[in-house]
$ cat query.cif   # mmCIF, C-alpha atoms
data_query
#
loop_
_atom_site.label_atom_id
_atom_site.label_comp_id
_atom_site.auth_asym_id
_atom_site.auth_seq_id
_atom_site.Cartn_x
_atom_site.Cartn_y
_atom_site.Cartn_z
CA MET D 1 -240.09 -15.13 206.00
CA ILE D 2 -241.30 -15.54 209.57
CA GLU D 3 -242.56 -18.98 210.51
CA CYS D 4 -245.03 -19.03 213.42
CA LYS D 5 -245.08 -22.68 214.46
CA ASP D 6 -246.69 -21.81 217.82
CA LEU D 7 -249.95 -20.99 216.00
CA ALA D 8 -250.36 -24.46 214.47
CA GLY D 9 -253.29 -26.40 215.91
CA LYS D 10 -254.84 -23.45 217.75
CA ILE D 11 -258.58 -22.86 217.38
CA VAL D 12 -259.36 -19.41 215.99
CA ARG D 13 -262.10 -17.43 217.74
CA ALA D 14 -261.89 -14.21 215.70
CA VAL D 15 -259.83 -12.54 212.98
CA THR D 16 -259.77 -8.73 212.67
CA LEU D 17 -258.10 -6.75 209.89
CA PHE D 18 -257.20 -3.13 210.55
CA GLU D 19 -256.62 -0.99 207.47
CA ASP D 20 -255.12 1.87 209.51
CA GLY D 21 -253.38 0.29 212.49
CA ARG D 22 -250.87 1.97 214.76
CA ASP D 23 -247.93 1.43 212.37
CA GLY D 24 -249.85 0.54 209.19
CA PRO D 25 -252.17 -2.32 208.21
CA GLU D 26 -252.52 -4.97 210.95
CA ILE D 27 -254.07 -8.38 211.45
CA SER D 28 -255.20 -9.63 214.85
CA ILE D 29 -256.11 -13.27 215.50
CA ASP D 30 -257.81 -14.24 218.78
CA PHE D 31 -257.62 -17.89 219.81
CA GLU D 32 -259.99 -19.93 221.98
CA ASP D 33 -257.26 -20.42 224.63
CA GLY D 34 -257.22 -16.64 225.26
CA SER D 35 -254.01 -15.95 223.35
CA ASN D 36 -253.77 -13.37 220.58
CA PHE D 37 -251.52 -13.00 217.51
CA ASN D 38 -250.89 -9.57 215.97
CA ALA D 39 -248.94 -8.76 212.81
CA CYS D 40 -248.23 -5.28 211.47
CA PHE D 41 -247.36 -4.73 207.84
CA GLY D 42 -245.10 -1.70 208.03
CA VAL D 43 -243.16 0.02 205.28
CA ARG D 44 -240.02 1.95 206.10
CA THR D 45 -238.08 4.33 203.95
CA SER D 46 -234.32 4.48 204.09
CA LEU D 47 -231.73 6.67 202.43
CA GLU D 48 -228.72 4.97 200.86
CA ALA D 49 -225.65 6.80 199.57
CA LYS D 50 -222.32 5.48 198.26
CA LEU D 51 -219.27 6.95 196.58
CA THR D 52 -217.96 4.53 193.93
CA LEU D 53 -215.15 4.38 191.38
CA ASP D 54 -215.81 2.61 188.08
CA GLU D 55 -212.71 1.78 186.07
CA GLY D 56 -214.40 -1.00 184.12
CA GLY D 57 -215.77 -4.17 185.59
CA GLN D 58 -217.28 -4.13 189.06
CA PRO D 59 -217.45 -0.60 190.59
CA GLN D 60 -215.37 -0.18 193.75
CA VAL D 61 -217.14 1.32 196.78
CA LEU D 62 -214.91 4.08 198.13
CA LYS D 63 -217.24 5.16 200.93
CA ASN D 64 -220.63 4.00 202.15
CA TYR D 65 -222.59 6.86 203.72
CA THR D 66 -225.64 4.71 204.46
CA SER D 67 -226.65 4.50 208.11
CA LEU D 68 -228.37 1.19 208.82
CA ALA D 69 -229.13 2.23 212.38
CA ASN D 70 -231.14 5.34 211.43
CA PRO D 71 -233.83 4.55 208.82
CA ILE D 72 -235.96 7.55 207.90
#

$ encode --input "query.cif" --output "structure tokens"
Amino acid sequence: MIECKDLAGKIVRAVTLFEDGRDGPEISIDFEDGSNFNACFGVRTSLEAKLTLDEGGQPQVLKNYTSLANPI
């Protein structure tokens, strides 16, 4: 969850929804004070791989091959 407290109380001038924005669907809100709020709804795919050993009970992770820094 992202809470945007800075937007509370602002007067909205226009709201635009983009089905095919730069990174996916986007919403743009223009305020009367000249400020603008943009949100992009992006979906990312990642590859996860683990080597585990199951001897009953909770499987033990022997090696985690997943790279959190390089999502596909």

$ residues_near_point --input "query.cif" --point "(-221.3, -0.4, 198.4)" --cutoff "9 Å" --atoms "only C-alpha atoms" --output "JSON, numbers by chain"
{"D": [49, 50, 51, 52, 59, 60, 61, 62, 63, 64]}

$ atom_distance --input "query.cif" --atom1 "CA of Val15 (chain D)" --atom2 "CA of Val43 (chain D)"
22.2 Å

$ closest_residue --input "query.cif" --among "D:Leu17, D:Arg22, D:Ile11, D:Asp54" --to "Gly42 (chain D)" --atoms "only C-alpha atoms"
D:Arg22

$ resolve_selection --input "query.cif" --expression "the PyMOL selection byres ((chain D and resi 10) around 8)" --output "MDAnalysis selection string"
chainID D and resid 7:9 11:12 31:33

$ atom_distance --input "query.cif" --atom1 "CA of Ile2 (chain D)" --atom2 "CA of Thr16 (chain D)"
19.9 Å

$ resolve_selection --input "query.cif" --expression "the PyMOL selection byres ((chain D and resi 37) around 10)" --output "VMD selection string"
chain D and resid 4 7 15 27 to 31 35 to 36 38 to 39

$ write_last_selection --input "query.cif" --atoms "C-alpha atoms" --output "tab-separated table (two decimals), keeping the file's coordinate frame"
chain	number	residue	atom	x	y	z
D	4	CYS	CA	-245.03	-19.03	213.42
D	7	LEU	CA	-249.95	-20.99	216.00
D	15	VAL	CA	-259.83	-12.54	212.98
D	27	ILE	CA	-254.07	-8.38	211.45
D	28	SER	CA	-255.20	-9.63	214.85
D	29	ILE	CA	-256.11	-13.27	215.50
D	30	ASP	CA	-257.81	-14.24	218.78
D	31	PHE	CA	-257.62	-17.89	219.81
D	35	SER	CA	-254.01	-15.95	223.35
D	36	ASN	CA	-253.77	-13.37	220.58
D	38	ASN	CA	-250.89	-9.57	215.97
D	39	ALA	CA	-248.94	-8.76	212.81

$ atom_distance --input "query.cif" --atom1 "CA of Phe41 (chain D)" --atom2 "CA of Glu3 (chain D)"
15.3 Å

$ residues_around --input "query.cif" --residues "Pro25 (chain D)" --least-positions-apart "4" --cutoff "7 Å" --atoms "all atoms listed in the file" --output "MDAnalysis selection string"
chainID D and resid 18:21 40:41

$ decode --input "query.cif" --residues "chain D" --atoms "C-alpha atoms" --output "tab-separated table (two decimals), in the first residue's frame"
chain	number	residue	atom	x	y	z
D	1	MET	CA	0.00	0.00	0.00
D	2	ILE	CA	1.19	3.51	-0.79
D	3	GLU	CA	-0.46	6.30	1.16
D	4	CYS	CA	-0.40	9.70	-0.58
D	5	LYS	CA	-1.24	12.12	2.22
D	6	ASP	CA	0.05	15.09	0.18
D	7	LEU	CA	-2.96	14.77	-2.14
D	8	ALA	CA	-5.56	15.27	0.62
D	9	GLY	CA	-7.45	18.54	0.33
D	10	LYS	CA	-6.22	19.39	-3.17
D	11	ILE	CA	-8.77	20.52	-5.75
D	12	VAL	CA	-8.80	18.27	-8.82
D	13	ARG	CA	-8.83	20.01	-12.22
D	14	ALA	CA	-8.66	16.92	-14.45
D	15	VAL	CA	-8.24	13.14	-14.29
D	16	THR	CA	-6.89	11.22	-17.30
D	17	LEU	CA	-6.66	7.44	-17.60
D	18	PHE	CA	-4.21	5.98	-20.10
D	19	GLU	CA	-4.84	2.38	-21.12
D	20	ASP	CA	-1.44	2.07	-22.82
D	21	GLY	CA	0.95	4.31	-20.90
D	22	ARG	CA	4.73	4.23	-21.09
D	23	ASP	CA	5.07	1.28	-18.68
D	24	GLY	CA	1.45	0.04	-18.67
D	25	PRO	CA	-1.86	1.55	-17.57
D	26	GLU	CA	-1.48	5.00	-15.96
D	27	ILE	CA	-3.59	7.57	-14.15
D	28	SER	CA	-2.78	11.27	-14.21
D	29	ILE	CA	-4.45	13.77	-11.86
D	30	ASP	CA	-3.98	17.52	-12.45
D	31	PHE	CA	-4.67	19.82	-9.52
D	32	GLU	CA	-5.77	23.47	-9.50
D	33	ASP	CA	-2.48	24.53	-7.85
D	34	GLY	CA	-0.57	23.37	-10.96
D	35	SER	CA	0.74	20.14	-9.44
D	36	ASN	CA	0.22	16.74	-11.05
D	37	PHE	CA	0.04	13.18	-9.69
D	38	ASN	CA	0.89	10.20	-11.92
D	39	ALA	CA	0.61	6.51	-11.06
D	40	CYS	CA	1.66	3.64	-13.31
D	41	PHE	CA	0.25	0.16	-12.82
D	42	GLY	CA	3.12	-2.02	-13.99
D	43	VAL	CA	3.44	-5.78	-13.93
D	44	ARG	CA	6.87	-7.38	-13.79
D	45	THR	CA	7.82	-10.96	-14.34
D	46	SER	CA	10.55	-12.60	-12.31
D	47	LEU	CA	12.17	-16.00	-12.39
D	48	GLU	CA	12.60	-17.83	-9.10
D	49	ALA	CA	14.65	-21.01	-8.65
D	50	LYS	CA	15.61	-22.95	-5.51
D	51	LEU	CA	17.25	-26.26	-4.74
D	52	THR	CA	15.57	-27.87	-1.71
D	53	LEU	CA	15.88	-31.05	0.33
D	54	ASP	CA	12.70	-32.57	1.79
D	55	GLU	CA	13.27	-35.16	4.49
D	56	GLY	CA	9.83	-34.73	6.00
D	57	GLY	CA	8.53	-31.59	7.60
D	58	GLN	CA	9.64	-28.22	6.28
D	59	PRO	CA	11.84	-28.48	3.14
D	60	GLN	CA	15.37	-27.12	3.61
D	61	VAL	CA	16.60	-24.61	1.02
D	62	LEU	CA	20.05	-25.75	-0.11
D	63	LYS	CA	20.59	-22.98	-2.66
D	64	ASN	CA	18.55	-20.02	-3.82
D	65	TYR	CA	19.30	-19.15	-7.44
D	66	THR	CA	16.81	-16.28	-7.55
D	67	SER	CA	18.26	-12.88	-8.40
D	68	LEU	CA	16.21	-10.12	-6.80
D	69	ALA	CA	18.28	-7.45	-8.51
D	70	ASN	CA	17.55	-8.65	-12.07
D	71	PRO	CA	13.80	-9.14	-12.66
D	72	ILE	CA	12.96	-10.22	-16.20
